[in-house]
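Student: Sharing start_37.csv (CSV, C-alpha atoms) below.
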chain,number,residue,atom,x,y,z
A,1,MET,CA,104.7,-42.9,51.5
A,2,ILE,CA,101.9,-44.5,49.4
A,3,LYS,CA,99.1,-46.1,51.4
A,4,TYR,CA,95.4,-46.6,51.6
A,5,LEU,CA,94.2,-44.1,54.2
A,6,LYS,CA,92.6,-45.1,57.4
A,7,LYS,CA,89.2,-43.8,58.2
A,8,GLU,CA,90.5,-41.1,60.5
A,9,GLU,CA,93.1,-40.0,57.9
A,10,LYS,CA,90.7,-39.4,55.0
A,11,VAL,CA,89.9,-35.9,56.3
A,12,LEU,CA,93.6,-35.0,55.6
A,13,THR,CA,92.7,-35.0,51.9
A,14,LYS,CA,90.2,-32.2,52.2
A,15,PRO,CA,92.7,-29.3,51.6
A,16,LEU,CA,93.9,-30.9,48.4
A,17,TYR,CA,90.3,-31.7,47.3
A,18,LYS,CA,89.4,-28.0,47.8
A,19,GLU,CA,92.5,-26.9,45.9
A,20,ALA,CA,91.9,-29.2,43.0
A,21,PHE,CA,88.1,-29.0,42.8
A,22,PHE,CA,87.6,-25.4,43.8
A,23,GLU,CA,84.4,-25.2,41.7
A,24,ASP,CA,82.6,-27.5,44.1
A,25,SER,CA,80.4,-25.7,46.7
A,26,ASP,CA,81.2,-25.9,50.4
A,27,ASN,CA,77.9,-27.6,50.9
A,28,PHE,CA,78.8,-30.3,48.5
A,29,VAL,CA,82.3,-30.8,49.9
A,30,GLU,CA,80.8,-31.2,53.4
A,31,TYR,CA,78.3,-33.7,52.0
A,32,TYR,CA,81.1,-35.6,50.2
A,33,TYR,CA,83.3,-35.9,53.3
A,34,ASN,CA,80.4,-36.7,55.6
A,35,GLU,CA,78.9,-39.3,53.3
A,36,LYS,CA,81.1,-40.6,50.5
A,37,THR,CA,84.2,-41.2,52.6
A,38,LYS,CA,82.3,-43.5,54.9
A,39,ASP,CA,82.9,-46.4,52.6
A,40,ASN,CA,85.3,-45.3,49.8
A,41,ARG,CA,89.0,-46.1,49.6
A,42,ILE,CA,91.6,-43.4,49.2
A,43,LEU,CA,95.0,-44.2,48.0
A,44,ALA,CA,97.4,-41.3,48.7
A,45,ASP,CA,101.0,-40.3,48.8
A,46,ILE,CA,101.3,-38.9,52.3
A,47,GLU,CA,104.1,-37.4,54.3
A,48,GLY,CA,103.2,-36.7,57.9
A,49,GLU,CA,99.8,-35.1,57.6
A,50,SER,CA,100.4,-33.6,54.2
A,51,ILE,CA,98.8,-35.2,51.1
A,52,LYS,CA,100.9,-34.9,48.0
A,53,SER,CA,98.7,-36.9,45.7
A,54,MET,CA,95.5,-38.9,45.9
A,55,ILE,CA,92.9,-41.1,44.1
A,56,MET,CA,89.5,-41.9,45.5
A,57,LEU,CA,87.8,-45.2,44.8
A,58,ASN,CA,84.0,-44.8,45.3
A,59,PRO,CA,82.2,-48.2,45.4
A,60,TYR,CA,79.1,-49.0,43.3
A,61,THR,CA,77.2,-52.2,42.6
A,62,VAL,CA,77.5,-52.8,38.9
A,63,SER,CA,75.7,-55.6,37.1
A,64,VAL,CA,77.7,-57.3,34.3
A,65,PHE,CA,75.5,-59.8,32.3
A,66,GLY,CA,73.4,-60.2,35.4
A,67,LYS,CA,76.3,-60.8,37.9
A,68,LYS,CA,76.7,-58.1,40.5
A,69,TYR,CA,80.2,-56.7,41.2
A,70,GLY,CA,81.4,-54.2,43.7
A,71,LEU,CA,83.3,-51.9,41.4
A,72,ASP,CA,85.2,-48.7,42.0
A,73,TYR,CA,84.5,-45.5,40.3
A,74,ILE,CA,87.7,-43.5,40.2
A,75,VAL,CA,87.2,-39.8,41.2
A,76,ALA,CA,89.0,-36.9,42.9
A,77,VAL,CA,92.3,-37.7,41.1
A,78,ALA,CA,94.5,-34.8,42.2
A,79,THR,CA,98.1,-33.8,42.9
A,80,LYS,CA,99.2,-30.9,45.0
A,81,LYS,CA,100.5,-28.0,42.7
A,82,GLU,CA,104.1,-28.2,43.8
A,83,TYR,CA,104.3,-32.0,43.1
A,84,LYS,CA,102.7,-32.0,39.6
A,85,ARG,CA,104.5,-33.7,36.7
A,86,GLN,CA,106.8,-35.6,38.9
A,87,GLY,CA,105.3,-39.0,38.6
A,88,TYR,CA,103.2,-39.0,41.8
A,89,MET,CA,99.9,-39.8,40.1
A,90,ARG,CA,101.4,-42.4,37.9
A,91,ARG,CA,102.6,-44.4,40.9
A,92,LEU,CA,99.2,-44.2,42.5
A,93,LEU,CA,97.2,-45.2,39.4
A,94,ASP,CA,99.6,-48.1,38.6
A,95,LYS,CA,99.2,-49.4,42.2
A,96,VAL,CA,95.4,-49.1,42.0
A,97,LEU,CA,95.2,-51.1,38.8
A,98,ILE,CA,97.6,-53.8,40.0
A,99,ASP,CA,95.8,-54.2,43.3
A,100,MET,CA,92.4,-54.5,41.5
A,101,ASN,CA,93.9,-57.3,39.4
A,102,SER,CA,94.9,-59.2,42.5
A,103,GLU,CA,91.4,-58.7,44.0
A,104,LYS,CA,89.9,-60.2,40.8
A,105,VAL,CA,88.0,-57.0,40.0
A,106,PRO,CA,87.1,-57.1,36.3
A,107,PHE,CA,87.3,-53.4,35.6
A,108,THR,CA,87.3,-49.9,37.0
A,109,TYR,CA,85.8,-46.8,35.4
A,110,LEU,CA,85.6,-43.0,35.4
A,111,ILE,CA,84.3,-39.9,33.7
A,112,PRO,CA,87.4,-38.0,32.5
A,113,ALA,CA,87.8,-34.2,32.8
A,114,ASN,CA,90.6,-34.7,30.2
A,115,LYS,CA,90.7,-38.0,28.4
A,116,ASP,CA,94.3,-37.5,27.4
A,117,TYR,CA,95.4,-37.9,31.0
A,118,TYR,CA,94.0,-41.5,31.1
A,119,LEU,CA,94.8,-42.8,27.7
A,120,PRO,CA,98.5,-43.6,28.7
A,121,PHE,CA,97.0,-45.8,31.4
A,122,ASP,CA,95.0,-47.7,28.8
A,123,PHE,CA,91.6,-46.5,29.7
A,124,ALA,CA,89.3,-46.6,26.8
A,125,PHE,CA,85.9,-45.0,26.1
A,126,VAL,CA,83.0,-47.5,26.2
A,127,ALA,CA,79.9,-45.4,26.4
A,128,ARG,CA,78.3,-42.1,25.6
A,129,LYS,CA,76.2,-39.9,27.9
A,130,ASN,CA,72.6,-41.1,28.2
A,131,VAL,CA,70.1,-38.4,27.0
A,132,TYR,CA,66.4,-38.3,26.2
A,133,ASP,CA,64.7,-35.9,23.8
A,134,VAL,CA,61.2,-36.1,25.1
A,135,ASP,CA,58.3,-33.7,26.0
A,136,LEU,CA,57.0,-34.7,29.4
A,137,SER,CA,54.5,-31.9,29.8
A,138,SER,CA,51.5,-34.2,29.1
A,139,PHE,CA,52.2,-36.4,32.1
A,140,LYS,CA,51.3,-35.7,35.8
A,141,LYS,CA,54.3,-34.3,37.5
A,142,SER,CA,55.2,-34.4,41.2
A,143,VAL,CA,58.0,-32.3,42.6
A,144,LEU,CA,59.7,-33.9,45.6
A,145,LYS,CA,62.0,-31.9,47.8
A,146,GLY,CA,62.5,-34.9,50.1
A,147,VAL,CA,61.6,-38.6,50.0
A,148,LYS,CA,61.6,-40.7,53.1
A,149,SER,CA,63.8,-43.7,52.7
A,150,GLU,CA,62.0,-47.1,52.8
A,151,SER,CA,58.7,-45.3,52.1
A,152,LYS,CA,56.3,-46.7,49.5
A,153,GLU,CA,57.2,-43.8,47.2
A,154,ALA,CA,61.0,-44.5,47.5
A,155,CYS,CA,60.5,-48.2,46.8
A,156,GLU,CA,58.3,-47.3,43.8
A,157,ILE,CA,61.0,-45.0,42.4
A,158,LEU,CA,63.7,-47.5,42.9
A,159,ARG,CA,61.7,-50.2,41.1
A,160,PHE,CA,61.1,-47.9,38.2
A,161,ILE,CA,64.8,-47.0,37.9
A,162,ASN,CA,66.2,-50.5,38.2
A,163,ASN,CA,63.6,-51.8,35.7
A,164,GLU,CA,64.5,-49.1,33.1
A,165,VAL,CA,68.3,-49.2,33.5
A,166,SER,CA,68.4,-53.0,33.2
A,167,LYS,CA,66.4,-53.0,29.9
A,168,ASP,CA,68.7,-53.7,26.9
A,169,ASN,CA,71.8,-53.0,29.0
A,170,ASP,CA,74.4,-55.7,29.8
A,171,VAL,CA,76.2,-53.3,32.2
A,172,TYR,CA,74.4,-51.0,34.6
A,173,THR,CA,74.6,-49.6,38.1
A,174,TYR,CA,72.2,-51.4,40.4
A,175,ARG,CA,70.5,-49.1,42.9
A,176,ASP,CA,69.3,-50.2,46.3
A,177,MET,CA,67.8,-48.2,49.2
A,178,HIS,CA,71.3,-47.3,50.5
A,179,TYR,CA,72.1,-45.9,47.1
A,180,PHE,CA,68.9,-43.9,46.9
A,181,GLU,CA,69.3,-42.5,50.4
A,182,ARG,CA,72.8,-41.2,49.5
A,183,GLU,CA,71.5,-39.8,46.3
A,184,LEU,CA,68.9,-37.8,48.1
A,185,LYS,CA,71.5,-36.4,50.5
A,186,GLU,CA,73.7,-35.5,47.5
A,187,ILE,CA,70.9,-33.6,45.7
A,188,ALA,CA,70.0,-31.9,49.0
A,189,SER,CA,73.5,-30.6,49.4
A,190,GLU,CA,72.8,-28.2,46.6
A,191,ASN,CA,69.1,-27.5,47.2
A,192,GLY,CA,68.1,-30.0,44.7
A,193,PHE,CA,64.8,-31.7,44.0
A,194,ILE,CA,63.2,-34.7,42.1
A,195,ASN,CA,60.5,-34.7,39.5
A,196,ILE,CA,58.4,-37.8,39.1
A,197,TYR,CA,56.1,-38.1,36.0
A,198,ARG,CA,53.2,-40.5,35.9
A,199,LYS,CA,50.9,-42.0,33.4
A,200,GLY,CA,47.9,-43.0,35.5
A,201,ASN,CA,49.5,-44.5,38.6
A,202,GLU,CA,52.7,-45.7,36.8
A,203,ILE,CA,55.9,-43.8,36.9
A,204,VAL,CA,57.2,-43.1,33.4
A,205,ALA,CA,60.0,-40.7,34.1
A,206,TYR,CA,62.4,-39.6,36.8
A,207,GLU,CA,64.5,-36.4,37.0
A,208,SER,CA,66.9,-35.0,39.6
A,209,PHE,CA,68.1,-31.4,39.7
A,210,TRP,CA,70.6,-29.5,41.8
A,211,GLY,CA,72.7,-26.3,42.0
A,212,LEU,CA,73.1,-23.5,44.4
A,213,GLU,CA,73.5,-20.7,41.9
A,214,LYS,CA,72.1,-22.3,38.8
A,215,ILE,CA,69.7,-25.2,38.8
A,216,GLU,CA,71.0,-28.0,36.5
A,217,LEU,CA,69.6,-31.4,35.4
A,218,LYS,CA,71.6,-34.1,37.3
A,219,GLU,CA,69.9,-37.1,35.8
A,220,ARG,CA,66.9,-38.1,33.7
A,221,ILE,CA,65.6,-41.6,33.2
A,222,VAL,CA,62.6,-42.1,31.0
A,223,SER,CA,60.5,-45.2,30.3
A,224,SER,CA,61.3,-47.0,27.1
A,225,SER,CA,57.5,-47.0,26.5
A,226,ILE,CA,57.4,-43.3,25.8
A,227,ALA,CA,60.9,-42.3,24.6
A,228,LYS,CA,64.0,-43.9,23.1
A,229,ARG,CA,67.3,-43.3,24.8
A,230,GLU,CA,69.8,-41.3,22.7
A,231,TYR,CA,73.5,-40.7,23.2
A,232,GLY,CA,75.5,-37.6,23.7
A,233,LYS,CA,79.2,-37.0,24.0
A,234,GLU,CA,81.7,-39.7,25.0
A,235,ASN,CA,81.4,-40.2,28.7
A,236,ILE,CA,82.5,-43.4,30.4
A,237,MET,CA,86.1,-44.7,30.2
A,238,VAL,CA,86.9,-48.2,31.4
A,239,ARG,CA,90.2,-49.9,32.4
A,240,ILE,CA,90.1,-53.7,32.4
A,241,THR,CA,91.9,-54.9,35.5
A,242,ASN,CA,91.3,-58.6,35.3
A,243,VAL,CA,90.8,-60.1,31.9
A,244,ALA,CA,90.0,-63.6,33.0
A,245,GLU,CA,87.3,-62.4,35.5
A,246,LEU,CA,85.7,-60.1,33.0
A,247,LEU,CA,85.6,-62.7,30.2
A,248,SER,CA,84.1,-65.3,32.5
A,249,ASN,CA,80.8,-63.4,32.2
A,250,PHE,CA,80.7,-63.6,28.4
A,251,ARG,CA,79.1,-66.1,26.1
A,252,SER,CA,79.4,-66.9,22.4
A,253,SER,CA,76.9,-67.9,19.7
A,254,LYS,CA,78.8,-71.1,19.1
A,255,ASP,CA,81.5,-73.1,20.8
A,256,ILE,CA,85.0,-71.6,20.4
A,257,ASP,CA,88.5,-72.4,21.7
A,258,ILE,CA,90.9,-69.6,21.0
A,259,ILE,CA,94.1,-68.1,22.6
A,260,ILE,CA,94.1,-64.4,23.1
A,261,LYS,CA,97.3,-62.5,23.9
A,262,ILE,CA,96.9,-59.3,25.9
A,263,ASN,CA,99.6,-56.7,25.9
A,264,ASP,CA,99.5,-54.7,29.2
A,265,ASN,CA,102.4,-52.6,30.2
A,266,ILE,CA,101.0,-51.8,33.6
A,267,VAL,CA,99.3,-54.9,35.0
A,268,GLU,CA,102.0,-57.4,34.4
A,269,ALA,CA,99.7,-60.3,35.6
A,270,GLN,CA,97.5,-59.9,32.6
A,271,ASN,CA,100.3,-59.2,30.1
A,272,ALA,CA,99.8,-62.7,29.0
A,273,TYR,CA,98.2,-65.4,26.9
A,274,PHE,CA,94.6,-66.5,27.8
A,275,ARG,CA,92.9,-69.6,26.6
A,276,VAL,CA,89.2,-68.8,26.0
A,277,GLN,CA,86.8,-71.7,25.7
A,278,MET,CA,83.3,-70.4,25.4
A,279,GLY,CA,79.8,-71.4,24.2
A,280,LYS,CA,76.2,-70.4,24.6
A,281,ASP,CA,76.0,-71.4,28.3
A,282,PHE,CA,79.6,-71.5,29.5
A,283,ALA,CA,82.9,-69.8,29.6
A,284,ASN,CA,86.3,-71.1,30.8
A,285,VAL,CA,89.1,-68.6,30.7
A,286,CYS,CA,92.6,-69.4,32.0
A,287,LYS,CA,96.0,-67.9,31.7
A,288,ILE,CA,98.7,-70.0,30.0
A,289,SER,CA,102.4,-69.7,30.5
A,290,ASP,CA,103.4,-69.8,26.8
A,291,ALA,CA,101.6,-70.1,23.6
A,292,LYS,CA,104.8,-71.4,21.9
A,293,ASP,CA,103.9,-71.9,18.3
A,294,SER,CA,100.2,-72.0,18.8
A,295,ALA,CA,97.8,-69.8,16.9
A,296,PHE,CA,96.6,-66.7,18.8
A,297,VAL,CA,95.0,-63.3,18.4
A,298,GLU,CA,96.9,-60.3,19.9
A,299,PHE,CA,95.3,-57.2,21.4
A,300,ASP,CA,96.7,-54.2,23.3
A,301,ILE,CA,94.5,-53.9,26.4
A,302,ALA,CA,92.9,-50.6,25.5
A,303,ASP,CA,91.9,-51.9,22.0
A,304,PHE,CA,90.6,-55.0,23.6
A,305,THR,CA,88.5,-52.9,26.1
A,306,ALA,CA,86.8,-50.8,23.4
A,307,TRP,CA,86.2,-54.0,21.3
A,308,ILE,CA,84.8,-56.3,24.0
A,309,PHE,CA,82.6,-53.6,25.4
A,310,GLY,CA,81.0,-53.3,22.0
A,311,TYR,CA,82.0,-49.6,21.5
A,312,ILE,CA,84.3,-50.0,18.5
A,313,ASP,CA,84.1,-52.9,16.1
A,314,ASN,CA,87.2,-52.1,14.0
A,315,VAL,CA,90.1,-52.0,16.5
A,316,ASN,CA,93.7,-53.0,15.9
A,317,PHE,CA,94.6,-56.7,16.6
A,318,ASN,CA,97.1,-59.2,15.1
A,319,ILE,CA,96.2,-62.7,14.0
A,320,VAL,CA,99.3,-64.9,14.5
A,321,ASN,CA,100.1,-68.4,13.2
A,322,PHE,CA,96.6,-69.1,11.8
A,323,VAL,CA,96.8,-70.8,8.5
A,324,ASP,CA,93.3,-69.5,7.8
A,325,LYS,CA,92.8,-66.1,9.4
A,326,SER,CA,89.0,-66.3,8.8
A,327,ILE,CA,88.8,-69.0,11.5
A,328,ALA,CA,90.1,-66.6,14.1
A,329,LYS,CA,87.9,-63.8,12.9
A,330,ASP,CA,84.9,-66.1,13.0
A,331,SER,CA,85.7,-67.1,16.6
A,332,LEU,CA,86.0,-63.5,17.6
A,333,ASP,CA,82.8,-62.5,15.9
A,334,SER,CA,80.9,-65.2,17.7
A,335,ILE,CA,81.7,-63.7,21.1
A,336,ASN,CA,78.6,-61.7,22.3
A,337,LYS,CA,80.1,-58.3,23.1
A,338,ILE,CA,78.6,-56.0,25.7
A,339,SER,CA,75.4,-54.3,24.4
A,340,GLY,CA,74.2,-51.3,26.3
A,341,ILE,CA,75.8,-49.5,29.3
A,342,PHE,CA,73.8,-47.4,31.8
A,343,ILE,CA,76.1,-45.6,34.2
A,344,ASN,CA,75.1,-42.1,35.2
A,345,GLU,CA,76.9,-41.4,38.4
A,346,LEU,CA,78.9,-38.2,38.8
A,347,VAL,CA,80.9,-38.9,42.0
With the file now loaded, output its structure as structure tokens.
Tutor:
Amino acid sequence: MIKYLKKEEKVLTKPLYKEAFFEDSDNFVEYYYNEKTKDNRILADIEGESIKSMIMLNPYTVSVFGKKYGLDYIVAVATKKEYKRQGYMRRLLDKVLIDMNSEKVPFTYLIPANKDYYLPFDFAFVARKNVYDVDLSSFKKSVLKGVKSESKEACEILRFINNEVSKDNDVYTYRDMHYFERELKEIASENGFINIYRKGNEIVAYESFWGLEKIELKERIVSSSIAKREYGKENIMVRITNVAELLSNFRSSKDIDIIIKINDNIVEAQNAYFRVQMGKDFANVCKISDAKDSAFVEFDIADFTAWIFGYIDNVNFNIVNFVDKSIAKDSLDSINKISGIFINELV
């Protein structure tokens, strides 16, 4: 039976979690089940008390062009060994995506262990890993093993992080005190610590480290005043779950009125035509039943994702029934795509 697990049922997933993610330490697993399952959702195929397959949806506040959404980061995707390659995970993923559409959630995201697993579900890469090549040795460093939540220091760190991640990024994870408290517990689960670097009294860099056997950098955020953010390997994959809701946040450099056809073989509700009216300070997006002989531009949902998130300019699309195709291209080019994504979360 496929269902979203009740709070008391979530612990039933722990044996499958340990089987699938055996590299995670016992300390981290205990942290995860004590903390992350307080407010996440778990969709599972369950029989009695046995979990055949599961997907965990961990909530984060994500800013999209300044509007804050509660979005789900997909993690702990796993199927019990004896049920693999029998379609269990496909049924779960399909349901998650369809449910998000009905909830008017614009998109969901993940960091793939294997991208090929998610490409058939029309996830597309939209961002590379955030990295900084900077020497911080000249700045005053404080090593923090613990920070009291709501303290002046915690508030100062949060202000610095939110200020930096919002710079030049149309999409970023917004961090509040609850987020920071949980981050401290996550780091502490593997004997981690935080480095804070200052120039005078001002924070200019933040680092977190963790690891029981080998200490590893978990996150680094550096002020744009001393270092330019660079980009590593492909990192974040996104799956658009409600085209109309997502596009309502976009603007265009000039007034446009265009029909966009989306091909989506999973979320039938957005396998449709959308009329997009947009300008510098407005966006009206509505689904229309039939374009008939109207002119429209056709995208597969994964191509549309990579394009609208500003990750790939040259994607496949079809211009249909336009006498002058340059008119369609000009309208598409005038839409201000997403510029800058800052999502660093690991779980």
Student: Hey, which of A:Phe274, A:Tyr132, A:Tyr117, A:Trp307 ends up closest to Leu93 (chain A)? Count only C-alpha atoms.
Tutor: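 For Leu93 (chain A), the nearest of the given residues is A:Tyr117.
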Student: Just to confirm, what's the straight-line distance from CA of Ile319 (chain A) to CA of Arg275 (chain A) in Å (one decimal)?
Tutor: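 Separating CA of Ile319 (chain A) from CA of Arg275 (chain A) is a distance of 14.7 Å.
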Student: Can you tell me how far CA of Ile260 (chain A) sits from CA of Ile338 (chain A), in Å to one decimal?
Tutor: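 Distance reported for this atom pair: 17.8 Å.
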Student: Quote the spacing between CA of Ala205 (chain A) and CA of Asp168 (chain A) in Å to one decimal place.
Tutor: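 CA of Ala205 (chain A) sits 17.2 Å away from CA of Asp168 (chain A).
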Student: Which is closer to Leu16 (chain A) than all the others in A:Val165, A:Asp72, A:Tyr33, A:Lys52, using all atoms listed in the file?
Tutor: A:Lys52
Student: Residues near Ile98 (chain A), anyone? I mean within 8 Å using all atoms listed in the file, not counting same-chain ones fewer than 5 positions away, as a compact mmCIF listing (two decimals) with C-alpha atoms, in the coordinates of the input.
Tutor:
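Generated file (result-v2.txt):
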# COMPACT_ATOMS: atom_id res chain seq x y z
CA THR A 241 91.90 -54.90 35.50
CA ILE A 266 101.00 -51.80 33.60
CA VAL A 267 99.30 -54.90 35.00
CA GLU A 268 102.00 -57.40 34.40
Student: Tell me which of A:Val143, A:Val131, A:Ile341, A:Leu158 sits closest to Glu219 (chain A), counting only C-alpha atoms.
Tutor: A:Val131
Student: Please list as a VMD selection string every residue within 8 Å of region 55-69 of chain A, counting only C-alpha atoms and excluding residues in the same chain fewer than 2 positions away.
Tutor: chain A and resid 36 39 to 44 53 71 to 78 92 to 93 105 170 to 175 249 to 250 347
Student: Using only C-alpha atoms, please write the residues we just selected to a file, as an mmCIF file, in the frame of the given file.
Tutor:
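The file below, result.cif, is the result:
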data_model
loop_
_atom_site.group_PDB
_atom_site.id
_atom_site.type_symbol
_atom_site.label_atom_id
_atom_site.label_comp_id
_atom_site.auth_asym_id
_atom_site.auth_seq_id
_atom_site.Cartn_x
_atom_site.Cartn_y
_atom_site.Cartn_z
ATOM 1 C CA LYS A 36 81.100 -40.600 50.500
ATOM 2 C CA ASP A 39 82.900 -46.400 52.600
ATOM 3 C CA ASN A 40 85.300 -45.300 49.800
ATOM 4 C CA ARG A 41 89.000 -46.100 49.600
ATOM 5 C CA ILE A 42 91.600 -43.400 49.200
ATOM 6 C CA LEU A 43 95.000 -44.200 48.000
ATOM 7 C CA ALA A 44 97.400 -41.300 48.700
ATOM 8 C CA SER A 53 98.700 -36.900 45.700
ATOM 9 C CA LEU A 71 83.300 -51.900 41.400
ATOM 10 C CA ASP A 72 85.200 -48.700 42.000
ATOM 11 C CA TYR A 73 84.500 -45.500 40.300
ATOM 12 C CA ILE A 74 87.700 -43.500 40.200
ATOM 13 C CA VAL A 75 87.200 -39.800 41.200
ATOM 14 C CA ALA A 76 89.000 -36.900 42.900
ATOM 15 C CA VAL A 77 92.300 -37.700 41.100
ATOM 16 C CA ALA A 78 94.500 -34.800 42.200
ATOM 17 C CA LEU A 92 99.200 -44.200 42.500
ATOM 18 C CA LEU A 93 97.200 -45.200 39.400
ATOM 19 C CA VAL A 105 88.000 -57.000 40.000
ATOM 20 C CA ASP A 170 74.400 -55.700 29.800
ATOM 21 C CA VAL A 171 76.200 -53.300 32.200
ATOM 22 C CA TYR A 172 74.400 -51.000 34.600
ATOM 23 C CA THR A 173 74.600 -49.600 38.100
ATOM 24 C CA TYR A 174 72.200 -51.400 40.400
ATOM 25 C CA ARG A 175 70.500 -49.100 42.900
ATOM 26 C CA ASN A 249 80.800 -63.400 32.200
ATOM 27 C CA PHE A 250 80.700 -63.600 28.400
ATOM 28 C CA VAL A 347 80.900 -38.900 42.000
#
Student: At a cut-off of 9 Å, using all atoms listed in the file, what residues contact Asn101 (chain A)? Leave out same-chain residues fewer than 5 positions from it and give the result as a list in words.
Tutor: Val96, Pro106, Phe107, Ile240, Thr241, Asn242, Val243, Val267, Ala269 and Gln270 of chain A
Student: Given the choices A:Ala328, A:Ile262, A:Ile256, A:Leu144, which gets closest to Tyr206 (chain A) if the distance is worked out from only C-alpha atoms?
Tutor: A:Leu144
